[in-house]
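Engineer: Okay, so here is final_36.cif, and as you'll see once you scroll down, it has mmCIF, C-alpha atoms.
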data_start
loop_
_atom_site.label_atom_id
_atom_site.label_comp_id
_atom_site.auth_asym_id
_atom_site.auth_seq_id
_atom_site.Cartn_x
_atom_site.Cartn_y
_atom_site.Cartn_z
CA MET A 69 0.00 0.00 0.00
CA ARG A 70 2.84 2.37 0.96
CA VAL A 71 4.69 1.61 -2.29
CA LEU A 72 1.54 2.35 -4.30
CA ASN A 73 1.06 5.62 -2.43
CA ILE A 74 4.64 6.74 -3.14
CA THR A 75 4.35 5.73 -6.81
CA VAL A 76 1.10 7.68 -7.28
CA THR A 77 2.53 10.75 -5.51
CA LEU A 78 5.71 10.66 -7.62
CA GLY A 79 3.81 10.03 -10.84
CA LEU A 80 1.36 12.87 -10.23
CA GLY A 81 4.12 15.27 -9.21
CA VAL A 82 6.26 14.51 -12.27
CA ALA A 83 3.26 14.72 -14.63
CA ILE A 84 2.14 18.08 -13.23
CA GLY A 85 5.75 19.36 -13.35
CA ILE A 86 6.16 18.46 -17.04
CA TRP A 87 2.71 19.79 -17.95
CA SER A 88 3.30 23.12 -16.18
CA ALA A 89 6.78 23.42 -17.74
CA SER A 90 5.30 22.95 -21.19
CA LEU A 91 2.54 25.52 -20.49
CA MET A 92 5.01 28.08 -19.14
CA LEU A 93 7.31 27.50 -22.10
CA LYS A 94 4.52 28.33 -24.56
CA HIS A 95 3.36 31.32 -22.53
CA GLN A 96 6.84 32.76 -22.05
CA LEU A 97 7.80 32.29 -25.72
CA ASN A 98 4.61 34.03 -26.83
CA SER A 99 4.84 36.90 -24.36
CA SER A 100 8.53 37.58 -24.94
CA SER A 101 8.24 37.56 -28.75
CA VAL A 102 7.89 40.71 -30.82
CA HIS A 103 4.71 40.56 -32.95
CA ASN A 104 4.31 42.06 -36.40
CA GLY A 105 1.01 41.14 -38.06
CA PRO A 106 0.90 37.32 -38.26
CA TRP A 107 4.68 37.17 -37.71
CA ARG A 108 6.55 36.92 -34.46
CA THR A 109 10.23 36.85 -33.61
CA LEU A 110 12.19 36.15 -30.46
CA LEU A 111 14.99 38.71 -30.31
CA THR A 112 16.90 36.71 -27.72
CA ALA A 113 17.18 33.65 -30.02
CA GLY A 114 20.75 32.44 -29.84
CA SER A 115 21.62 35.24 -27.42
CA THR A 116 23.53 34.81 -24.19
CA ASP A 117 20.86 37.10 -22.65
CA ALA A 118 18.08 34.52 -23.17
CA GLY A 119 16.21 33.50 -20.03
CA MET A 120 15.79 29.86 -19.01
CA TYR A 121 12.35 29.49 -20.61
CA GLN A 122 13.45 31.22 -23.82
CA ARG A 123 16.57 29.04 -24.03
CA SER A 124 14.49 25.89 -23.58
CA GLY A 125 11.96 27.03 -26.18
CA ILE A 126 14.72 27.77 -28.67
CA ALA A 127 16.27 24.35 -27.99
CA ILE A 128 12.97 22.69 -28.95
CA GLY A 129 11.91 24.82 -31.88
CA GLY A 130 15.01 26.62 -33.14
CA LEU A 131 18.19 24.92 -32.04
CA LEU A 132 21.36 26.57 -33.42
CA ALA A 133 19.55 29.84 -34.15
CA LEU A 134 21.81 32.82 -34.80
CA SER A 135 21.68 36.13 -32.94
CA LYS A 136 19.52 38.95 -34.33
CA GLN A 137 22.33 40.92 -35.99
CA GLU A 138 23.25 37.85 -38.03
CA THR A 139 19.77 36.48 -38.75
CA LEU A 140 16.23 37.36 -37.73
CA TYR A 141 13.66 34.56 -37.73
CA PHE A 142 10.03 35.61 -38.17
CA THR A 143 7.55 32.76 -37.77
CA ALA A 144 3.82 32.72 -38.50
CA PHE A 145 1.43 30.05 -37.25
CA GLU A 146 -1.61 32.01 -38.47
CA ASP A 147 -2.61 34.00 -41.54
CA SER A 148 -3.15 37.78 -41.50
CA SER A 149 -6.75 37.23 -40.30
CA GLY A 150 -5.68 35.14 -37.32
CA ASN A 151 -6.67 31.69 -38.65
CA LEU A 152 -4.29 28.75 -38.18
CA LEU A 153 -2.22 27.86 -41.26
CA GLN A 154 -3.61 24.55 -42.50
CA GLU A 155 -2.62 22.14 -45.22
CA GLN A 156 -6.15 22.02 -46.68
CA CYS A 157 -6.14 25.79 -47.38
CA ASN A 158 -4.29 27.80 -50.02
CA TYR A 159 -2.46 31.01 -49.06
CA ARG A 160 -1.03 33.95 -50.96
CA VAL A 161 2.00 35.58 -49.36
CA LEU A 162 2.26 39.11 -50.73
CA GLY A 163 5.08 41.55 -50.22
CA ASN A 164 8.33 43.17 -51.25
CA ASP A 165 11.88 42.16 -50.46
CA PRO A 166 12.53 42.67 -46.76
CA ASP A 167 15.45 44.94 -45.88
CA ALA A 168 18.12 42.26 -45.52
CA ARG A 169 21.05 40.95 -47.47
CA TRP A 170 19.25 37.69 -48.22
CA TRP A 171 15.95 36.12 -47.17
CA SER A 172 14.05 32.86 -47.47
CA LEU A 173 10.54 31.64 -46.70
CA THR A 174 10.04 28.01 -45.62
CA ALA A 175 7.08 25.92 -44.41
CA TYR A 176 7.49 23.62 -41.39
CA ALA A 177 5.10 20.96 -40.12
CA ALA A 178 3.97 20.96 -36.48
CA ASP A 179 6.93 18.74 -35.51
CA HIS A 180 9.31 21.57 -36.60
CA TYR A 181 10.66 19.57 -39.55
CA LEU A 182 10.03 20.07 -43.27
CA PRO A 183 6.76 18.60 -44.58
CA GLN A 184 7.38 15.05 -45.75
CA ASN A 185 6.48 15.34 -49.42
CA ASP A 186 8.46 14.91 -52.62
CA ASP A 187 7.22 18.09 -54.34
CA ASN A 188 10.68 19.71 -54.33
CA ALA A 189 9.04 23.00 -53.35
CA LEU A 190 10.31 23.50 -49.81
CA SER A 191 11.07 27.21 -49.86
CA ILE A 192 11.36 30.42 -51.85
CA ALA A 193 14.26 32.82 -51.41
CA LYS A 194 15.45 36.23 -52.50
CA THR A 195 17.38 34.67 -55.36
CA THR A 196 14.60 32.33 -56.56
CA VAL A 197 11.40 34.38 -56.19
CA GLU A 198 9.76 35.84 -59.32
CA ARG A 199 8.64 39.48 -58.93
CA ASP A 200 6.44 41.77 -61.00
CA ASP A 201 7.78 44.96 -62.61
CA GLY A 202 7.17 46.87 -59.38
CA GLY A 203 9.30 44.45 -57.35
CA HIS A 204 6.30 42.86 -55.60
CA PHE A 205 6.12 39.12 -55.16
CA GLU A 206 3.23 36.72 -54.68
CA ILE A 207 4.14 33.35 -53.18
CA MET A 208 1.56 30.56 -53.19
CA VAL A 209 1.60 28.14 -50.26
CA SER A 210 -0.57 25.21 -51.23
CA ALA A 211 -0.74 21.43 -51.24
CA ASP A 212 -1.40 21.60 -54.98
CA PRO A 213 1.23 22.51 -57.60
CA GLN A 214 1.31 26.17 -58.66
CA PRO A 215 2.80 27.65 -61.85
CA LYS A 216 5.38 29.81 -60.03
CA ASN A 217 6.62 30.86 -56.57
CA TRP A 218 5.20 27.70 -55.01
CA ILE A 219 5.85 26.36 -51.51
CA SER A 220 4.24 22.98 -51.01
CA SER A 221 2.23 22.43 -47.83
CA ARG A 222 1.34 18.84 -48.74
CA ALA A 223 1.65 16.59 -45.66
CA ALA A 224 2.27 19.66 -43.46
CA GLY A 225 -0.96 19.45 -41.38
CA ASP A 226 -1.22 22.56 -39.20
CA TYR A 227 2.03 24.26 -40.08
CA SER A 228 4.13 27.39 -39.72
CA LEU A 229 6.02 29.64 -42.11
CA THR A 230 9.46 30.95 -41.21
CA LEU A 231 10.88 34.06 -42.86
CA ARG A 232 14.63 34.20 -42.34
CA LEU A 233 16.40 37.53 -42.82
CA TYR A 234 20.17 37.13 -43.15
CA ASN A 235 22.16 40.24 -42.22
CA PRO A 236 19.03 42.32 -41.66
CA SER A 237 19.56 46.08 -41.68
CA SER A 238 19.86 47.63 -38.22
CA ARG A 239 16.49 49.33 -38.90
CA VAL A 240 14.92 45.86 -38.99
CA TYR A 241 16.46 44.29 -35.92
CA LYS A 242 16.14 47.46 -33.84
CA ALA A 243 12.40 47.83 -34.61
CA PRO A 244 11.13 44.46 -35.86
CA ALA A 245 7.52 45.31 -34.97
CA ALA A 246 7.52 48.33 -37.27
CA VAL A 247 8.99 46.95 -40.51
CA LYS A 248 6.75 45.96 -43.40
CA LEU A 249 6.57 42.16 -43.69
CA PRO A 250 4.60 40.09 -46.22
CA ASP A 251 0.86 39.59 -45.72
CA ILE A 252 -0.48 36.03 -45.56
CA LEU A 253 -3.91 35.85 -47.18
CA ARG A 254 -6.09 32.76 -47.06
CA GLU A 255 -7.68 31.74 -50.33
CA ASP A 256 -9.98 28.74 -50.67
CA CYS A 257 -10.00 25.70 -48.34
CA GLN A 258 -10.92 22.14 -49.27
CA MET B 233 -6.97 16.10 7.07
CA LYS B 234 -3.32 16.59 7.95
CA ARG B 235 -2.45 13.55 5.91
CA ALA B 236 -4.23 14.89 2.82
CA ALA B 237 -2.47 18.27 3.16
CA ARG B 238 0.91 16.54 3.43
CA TRP B 239 0.14 14.49 0.35
CA ILE B 240 -0.81 17.58 -1.71
CA LEU B 241 2.32 19.39 -0.49
CA SER B 242 4.49 16.42 -1.54
CA ILE B 243 2.98 16.46 -5.03
CA ALA B 244 3.50 20.24 -5.29
CA VAL B 245 7.18 19.95 -4.28
CA ILE B 246 7.84 17.11 -6.75
CA ALA B 247 6.02 19.06 -9.49
CA ALA B 248 8.05 22.22 -8.81
CA VAL B 249 11.36 20.31 -8.85
CA THR B 250 10.40 18.45 -12.06
CA HIS B 251 9.35 21.75 -13.69
CA LEU B 252 12.66 23.46 -12.92
CA VAL B 253 14.84 20.48 -13.79
CA ALA B 254 13.04 19.97 -17.13
CA ILE B 255 13.44 23.64 -18.12
CA LEU B 256 17.07 23.90 -16.97
CA ILE B 257 18.27 20.55 -18.33
CA LEU B 258 16.54 20.57 -21.70
CA PRO B 259 18.93 22.88 -23.66
CA ARG B 260 22.08 21.08 -22.44
CA ALA B 261 20.51 17.66 -22.94
CA LEU B 262 19.55 18.43 -26.55
CA MET B 263 22.95 19.97 -27.30
CA THR B 264 24.74 16.99 -25.77
CA LEU B 265 22.68 14.70 -27.99
CA ILE B 266 23.48 16.71 -31.14
CA VAL B 267 27.18 16.95 -30.22
CA PHE B 268 27.23 13.19 -29.76
CA LYS B 269 25.47 12.59 -33.09
CA VAL B 270 27.82 14.94 -34.98
CA SER B 271 30.92 13.44 -33.34
CA SER B 272 29.74 9.96 -34.28
CA GLU B 273 29.06 10.95 -37.91
CA ALA B 274 32.42 12.74 -38.17
CA ASN B 275 34.37 9.91 -36.49
CA GLY B 276 35.32 12.06 -33.52
CA ALA B 277 35.39 15.56 -32.11
CA ASN B 278 37.17 18.43 -33.87
CA GLN B 279 36.44 16.85 -37.25
CA LEU B 280 34.33 18.29 -40.02
CA TYR B 281 30.98 16.67 -40.76
CA LEU B 282 29.23 17.46 -44.04
CA PRO B 283 25.55 16.52 -43.83
CA ASP B 284 23.64 15.65 -47.00
CA ARG B 285 21.78 18.47 -48.72
CA ILE B 286 18.61 19.32 -46.77
CA THR B 287 15.51 17.53 -48.05
CA SER B 288 12.05 16.87 -46.64
CA ASN B 289 13.55 13.75 -45.00
CA SER B 290 16.22 15.66 -43.01
CA ARG B 291 15.59 14.92 -39.34
CA LYS B 292 18.84 15.64 -37.48
CA ILE B 293 18.18 19.22 -36.37
CA VAL B 294 14.82 21.03 -36.11
CA ARG B 295 13.80 23.63 -38.70
CA PRO B 296 16.59 22.99 -41.21
CA ALA B 297 16.88 25.56 -44.02
CA PRO B 298 16.73 23.92 -47.47
CA ASP B 299 18.48 26.95 -49.03
CA LEU B 300 21.66 26.49 -47.01
CA ALA B 301 24.67 24.21 -47.35
CA TYR B 302 25.84 23.21 -43.90
CA ALA B 303 29.11 22.01 -42.43
CA ILE B 304 29.37 21.20 -38.75
CA CYS B 305 32.03 20.34 -36.21
CA ALA B 306 31.60 19.12 -32.64
CA TYR B 307 34.44 20.86 -30.78
CA ASP B 308 36.14 19.52 -27.72
CA LEU B 309 38.55 21.89 -25.97
CA SER B 310 39.57 19.54 -23.16
CA ASP B 311 42.90 18.79 -24.91
CA GLY B 312 43.49 22.36 -26.04
CA PRO B 313 42.24 25.01 -28.46
CA VAL B 314 40.71 24.43 -31.87
CA ILE B 315 41.17 26.45 -35.06
CA ALA B 316 38.25 26.86 -37.46
CA THR B 317 38.29 28.76 -40.74
CA LEU B 318 35.76 30.55 -42.92
CA ASN B 319 36.58 31.20 -46.56
CA ALA B 320 35.81 34.33 -48.56
CA SER B 321 32.55 34.00 -50.49
CA GLU B 322 30.53 35.86 -53.10
CA THR B 323 27.30 35.14 -51.26
CA TYR B 324 26.25 34.92 -47.62
CA SER B 325 28.22 32.42 -45.58
CA SER B 326 28.93 32.32 -41.89
CA LEU B 327 30.70 30.48 -39.12
CA SER B 328 28.94 30.38 -35.77
CA VAL B 329 29.96 28.90 -32.44
CA PHE B 330 27.46 27.44 -29.96
CA ALA B 331 28.16 26.64 -26.32
CA ASN B 332 26.68 23.49 -24.80
CA ASN B 333 23.71 25.46 -23.40
CA THR B 334 22.69 26.43 -27.00
CA ASP B 335 23.98 30.04 -26.75
CA ASN B 336 25.41 31.45 -29.98
CA VAL B 337 28.62 32.81 -28.43
CA PHE B 338 30.27 33.95 -31.65
CA ALA B 339 29.46 34.47 -35.33
CA ILE B 340 31.36 35.82 -38.28
CA ASN B 341 30.15 36.09 -41.87
CA ASP B 342 31.90 36.41 -45.21
CA ARG B 343 31.78 40.22 -45.14
CA ALA B 344 34.24 40.18 -42.25
CA VAL B 345 36.65 37.77 -43.94
CA THR B 346 39.93 39.45 -44.78
CA GLY B 347 41.95 37.86 -47.60
CA ASP B 348 41.12 34.33 -48.68
CA PHE B 349 39.92 33.16 -45.27
CA SER B 350 39.63 34.08 -41.60
CA SER B 351 40.73 31.86 -38.73
CA VAL B 352 38.88 31.57 -35.45
CA PHE B 353 40.84 30.37 -32.43
CA LEU B 354 38.52 28.67 -29.93
CA SER B 355 39.76 28.09 -26.42
CA SER B 356 38.30 27.45 -22.99
CA GLU B 357 38.04 30.37 -20.59
CA ASP B 358 40.95 29.16 -18.47
CA SER B 359 43.25 28.40 -21.42
CA GLU B 360 46.61 30.21 -21.44
CA VAL B 361 47.62 29.22 -24.96
CA THR B 362 48.46 32.29 -27.06
CA PRO B 363 46.45 32.48 -30.26
CA PRO B 364 48.21 32.95 -33.60
CA ALA B 365 48.53 36.61 -34.55
CA ASP B 366 46.22 36.38 -37.55
CA ALA B 367 43.38 34.54 -35.77
CA ILE B 368 40.25 35.87 -34.08
CA ALA B 369 40.41 34.65 -30.47
CA VAL B 370 37.15 33.38 -28.96
CA LYS B 371 36.86 32.19 -25.36
CA VAL B 372 34.08 29.64 -25.01
CA PRO B 373 32.25 29.04 -21.71
CA SER B 374 32.03 25.28 -22.25
CA ASN B 375 34.59 22.70 -23.37
CA SER B 376 32.20 21.17 -25.84
CA GLY B 377 29.70 22.53 -28.33
CA LEU B 378 29.21 23.03 -32.03
CA ILE B 379 30.69 25.09 -34.83
CA LEU B 380 28.23 25.53 -37.67
CA TRP B 381 28.95 26.86 -41.16
CA ARG B 382 26.12 28.10 -43.36
CA ARG B 383 26.46 28.98 -47.02
CA VAL B 384 23.52 30.22 -49.07
CA ILE B 385 22.50 28.09 -52.07
CA THR B 386 21.25 30.79 -54.43
CA SER B 387 19.55 28.30 -56.81
CA ASN B 388 19.60 24.58 -57.59
CA ALA B 389 22.34 25.26 -60.14
CA ASP B 390 24.45 26.82 -57.36
CA TRP B 391 24.50 23.65 -55.20
CA PRO B 392 27.81 22.28 -56.61
CA ARG B 393 29.54 25.61 -55.81
CA ALA B 394 28.00 25.74 -52.34
CA ASP B 395 28.98 22.12 -51.72
CA ALA B 396 32.56 22.79 -52.85
CA ALA B 397 32.76 25.91 -50.67
CA ARG B 398 31.72 24.09 -47.49
CA ARG B 399 34.38 21.43 -48.14
CA GLU B 400 37.07 24.12 -47.92
CA VAL B 401 36.35 25.11 -44.31
CA THR B 402 38.45 23.52 -41.58
CA CYS B 403 38.11 22.50 -37.94
CA THR B 404 41.33 21.18 -36.39
CA PRO B 405 42.99 20.97 -32.99
CA TYR B 406 45.58 23.71 -32.50
CA HIS B 407 49.08 22.62 -31.66
CA SER B 408 51.12 25.56 -30.49
CA LYS B 409 54.66 25.61 -31.74
CA VAL B 410 56.90 24.37 -28.94
CA SER B 411 60.67 24.56 -29.22
CA PRO B 412 62.10 21.06 -29.39
CA VAL B 413 63.87 20.03 -26.21
CA LEU B 414 67.50 19.55 -26.98
CA ALA B 415 69.32 16.66 -25.39
CA PRO B 416 72.22 17.83 -23.23
CA GLU B 417 75.58 17.33 -24.92
CA SER B 418 77.48 14.50 -23.45
#
So, in terms of structure tokens, how does the structure I just supplied come out?

Structural biologist:
Amino acid sequence: MRVLNITVTLGLGVAIGIWSASLMLKHQLNSSSVHNGPWRTLLTAGSTDAGMYQRSGIAIGGLLALSKQETLYFTAFEDSSGNLLQEQCNYRVLGNDPDARWWSLTAYAADHYLPQNDDNALSIAKTTVERDDGGHFEIMVSADPQPKNWISSRAAGDYSLTLRLYNPSSRVYKAPAAVKLPDILREDCQ
Amino acid sequence: MKRAARWILSIAVIAAVTHLVAILILPRALMTLIVFKVSSEANGANQLYLPDRITSNSRKIVRPAPDLAYAICAYDLSDGPVIATLNASETYSSLSVFANNTDNVFAINDRAVTGDFSSVFLSSEDSEVTPPADAIAVKVPSNSGLILWRRVITSNADWPRADAARREVTCTPYHSKVSPVLAPES
């Protein structure tokens, strides 16, 4: 009876500890991120100034992230209207080149890895995107093939988009909430 | 009543300890795992490991960038400093150093490379070895961690150049030049 009592006490304590750690991790990451439309970025990613929750969160979802002067990582889990990004919906990502030496946009499944499909359409970057005469681009994120600027979301489930800005200008990393970032517009859903 | 209160208090204490340990241990545990994996793939520490090009099947590190060519080295400073190099490049490339708690303690990119390449001299905080004059000295708070090179792949056609570029970087133990001990003349 005593052994059972100790086992239940230990089990409950450990379960509550892990559950509360996971809740706090999510809360802290969200509250300490800078938000810009559907995008958010953690300025302490990779930094020696990161707190214990931020460091743990980065270890899970962004291990080996660089500091903000080297690279800024903006991630969106929702479109510009606040709906979760979902594989069964098509999205248009509209914008201009962000103020950085180089950039890329990539879709990640909920497990933080690339969607497991063989579409060979994992990302679009500054050097591969097609723009109109005014320098604007329109990237389609969809599970179905698109004629140009396509990122495949097939097998992504509920996913996220990460916009990486390599060597962002100081204007960007000093005021990431104020810079103009691409809009994510939901089209049709199946 | 007292017994129930003691039971609830026990659960709360165990939960609090588990919470803190999980949060504090997680970064080091994950880094230790990655350092071990990289060392195994590279046949030891302080050796370069060149992972395959990132595809949808890449599962070694979370959120890999498919537009980057990577090279990686698990450093171990317990036997002395390590020298790592970054070559000049026409497109973005960088060398970054991570301590075993995941902190990015140093980064340099191609814009800062002077000449054909720059050398980075990694040593532990208590090391007294003098770095070579032409190297950038970096004191690292942990004896083990990772050095990661990134090089942008500007298009599919650029992959062979990016692949060749990452093969030129180096990660080697540093052996300071010591004057040979001369045998006393008999």

Engineer: Would you mind listing what lies within 8 Å of range 223-234 of chain A as an mmCIF file with C-alpha atoms, in the frame of the given file, with all atoms listed in the file counted and same-chain residues fewer than 6 positions away left out?

Structural biologist:
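Writing the result to selection34.cif gives the following:
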data_model
loop_
_atom_site.group_PDB
_atom_site.id
_atom_site.type_symbol
_atom_site.label_atom_id
_atom_site.label_comp_id
_atom_site.auth_asym_id
_atom_site.auth_seq_id
_atom_site.Cartn_x
_atom_site.Cartn_y
_atom_site.Cartn_z
ATOM 1 C CA GLU A 138 23.250 37.850 -38.030
ATOM 2 C CA THR A 139 19.770 36.480 -38.750
ATOM 3 C CA LEU A 140 16.230 37.360 -37.730
ATOM 4 C CA TYR A 141 13.660 34.560 -37.730
ATOM 5 C CA PHE A 142 10.030 35.610 -38.170
ATOM 6 C CA THR A 143 7.550 32.760 -37.770
ATOM 7 C CA ALA A 144 3.820 32.720 -38.500
ATOM 8 C CA PHE A 145 1.430 30.050 -37.250
ATOM 9 C CA GLU A 146 -1.610 32.010 -38.470
ATOM 10 C CA LEU A 152 -4.290 28.750 -38.180
ATOM 11 C CA LEU A 153 -2.220 27.860 -41.260
ATOM 12 C CA GLN A 154 -3.610 24.550 -42.500
ATOM 13 C CA GLU A 155 -2.620 22.140 -45.220
ATOM 14 C CA GLN A 156 -6.150 22.020 -46.680
ATOM 15 C CA PRO A 166 12.530 42.670 -46.760
ATOM 16 C CA ALA A 168 18.120 42.260 -45.520
ATOM 17 C CA ARG A 169 21.050 40.950 -47.470
ATOM 18 C CA TRP A 170 19.250 37.690 -48.220
ATOM 19 C CA TRP A 171 15.950 36.120 -47.170
ATOM 20 C CA SER A 172 14.050 32.860 -47.470
ATOM 21 C CA LEU A 173 10.540 31.640 -46.700
ATOM 22 C CA THR A 174 10.040 28.010 -45.620
ATOM 23 C CA ALA A 175 7.080 25.920 -44.410
ATOM 24 C CA TYR A 176 7.490 23.620 -41.390
ATOM 25 C CA ALA A 177 5.100 20.960 -40.120
ATOM 26 C CA ALA A 178 3.970 20.960 -36.480
ATOM 27 C CA LEU A 182 10.030 20.070 -43.270
ATOM 28 C CA PRO A 183 6.760 18.600 -44.580
ATOM 29 C CA GLN A 184 7.380 15.050 -45.750
ATOM 30 C CA ASN A 185 6.480 15.340 -49.420
ATOM 31 C CA ALA A 211 -0.740 21.430 -51.240
ATOM 32 C CA TYR B 324 26.250 34.920 -47.620
#

Engineer: Against chain B, which residues of chain A fall within 8 Å? For each one I want the closest pair of atoms and the distance in Å (one decimal), counting only C-alpha atoms, rows by chain and increasing residue number, as CSV.

Structural biologist:
residue,atom,partner,partner_atom,distance
A:Thr77,CA,B:Ile243,CA,5.7
A:Leu78,CA,B:Ile246,CA,6.8
A:Leu80,CA,B:Ile243,CA,6.5
A:Gly81,CA,B:Ala247,CA,4.2
A:Val82,CA,B:Ala247,CA,5.3
A:Ala83,CA,B:Ala247,CA,7.3
A:Ile84,CA,B:Ala247,CA,5.5
A:Gly85,CA,B:Ala247,CA,3.9
A:Ile86,CA,B:His251,CA,5.7
A:Ser88,CA,B:His251,CA,6.7
A:Ala89,CA,B:His251,CA,5.1
A:Gly114,CA,B:Asn336,CA,4.8
A:Ser115,CA,B:Asp335,CA,5.7
A:Thr116,CA,B:Asp335,CA,5.4
A:Met120,CA,B:Leu256,CA,6.4
A:Tyr121,CA,B:Ile255,CA,6.5
A:Arg123,CA,B:Pro259,CA,6.6
A:Ser124,CA,B:Pro259,CA,5.4
A:Ala127,CA,B:Pro259,CA,5.3
A:Ile128,CA,B:Val294,CA,7.6
A:Gly129,CA,B:Val294,CA,6.4
A:Gly130,CA,B:Val294,CA,6.3
A:Leu131,CA,B:Val294,CA,6.6
A:Leu132,CA,B:Thr334,CA,6.6
A:Ala133,CA,B:Asn336,CA,7.4
A:Leu134,CA,B:Asn336,CA,6.2
A:Ser135,CA,B:Asn336,CA,6.7
A:Glu138,CA,B:Ala339,CA,7.6
A:Arg169,CA,B:Tyr324,CA,8.0
A:Trp170,CA,B:Tyr324,CA,7.6
A:Ser172,CA,B:Asp299,CA,7.5
A:Thr174,CA,B:Ala297,CA,7.4
A:Tyr176,CA,B:Arg295,CA,6.9
A:His180,CA,B:Arg295,CA,5.4
A:Tyr181,CA,B:Arg295,CA,5.2
A:Leu182,CA,B:Ser288,CA,5.1
A:Pro183,CA,B:Ser288,CA,5.9
A:Gln184,CA,B:Ser288,CA,5.1
A:Asn185,CA,B:Ser288,CA,6.4
A:Asp186,CA,B:Ser288,CA,7.2
A:Leu190,CA,B:Pro298,CA,6.8
A:Ser191,CA,B:Pro298,CA,7.0
A:Ala193,CA,B:Asp299,CA,7.6
A:Thr195,CA,B:Thr386,CA,5.6
A:Thr196,CA,B:Ser387,CA,6.4
A:Tyr234,CA,B:Tyr324,CA,7.9

Engineer: Can you measure CA of Ile219 in chain A to CA of Ala303 in chain B for me? One decimal in Å is fine.

Structural biologist: 25.3 Å

Engineer: Mind giving me the straight-line distance from CA of Asn319 in chain B to CA of Ile304 in chain B in Å, one decimal?

Structural biologist: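 For CA of Asn319 in chain B relative to CA of Ile304 in chain B, the distance reads 14.6 Å.
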
Engineer: Evaluated on this file, the PyMOL selection byres ((chain B and resi 346) around 12) picks out some residues - which ones are they, written as a PyMOL selection string?

Structural biologist: chain B and resi 317-321+340-345+347-351+366-368

Engineer: Please write out, as AutoDock Vina command-line options, where the centre of an axis-aligned box around all listed atoms of range 269-279 of chain B lies and how long its edges are, in Å to one decimal, after adding 5 Å on each side.

Structural biologist:
--center_x 31.3 --center_y 14.2 --center_z -35.1 --size_x 21.7 --size_y 18.5 --size_z 16.1

Engineer: Which residue is closest to Pro250 in chain A? Choose from A:Cys157, A:Ile207, A:Leu72, A:Val197 and count only C-alpha atoms.

Structural biologist: A:Ile207
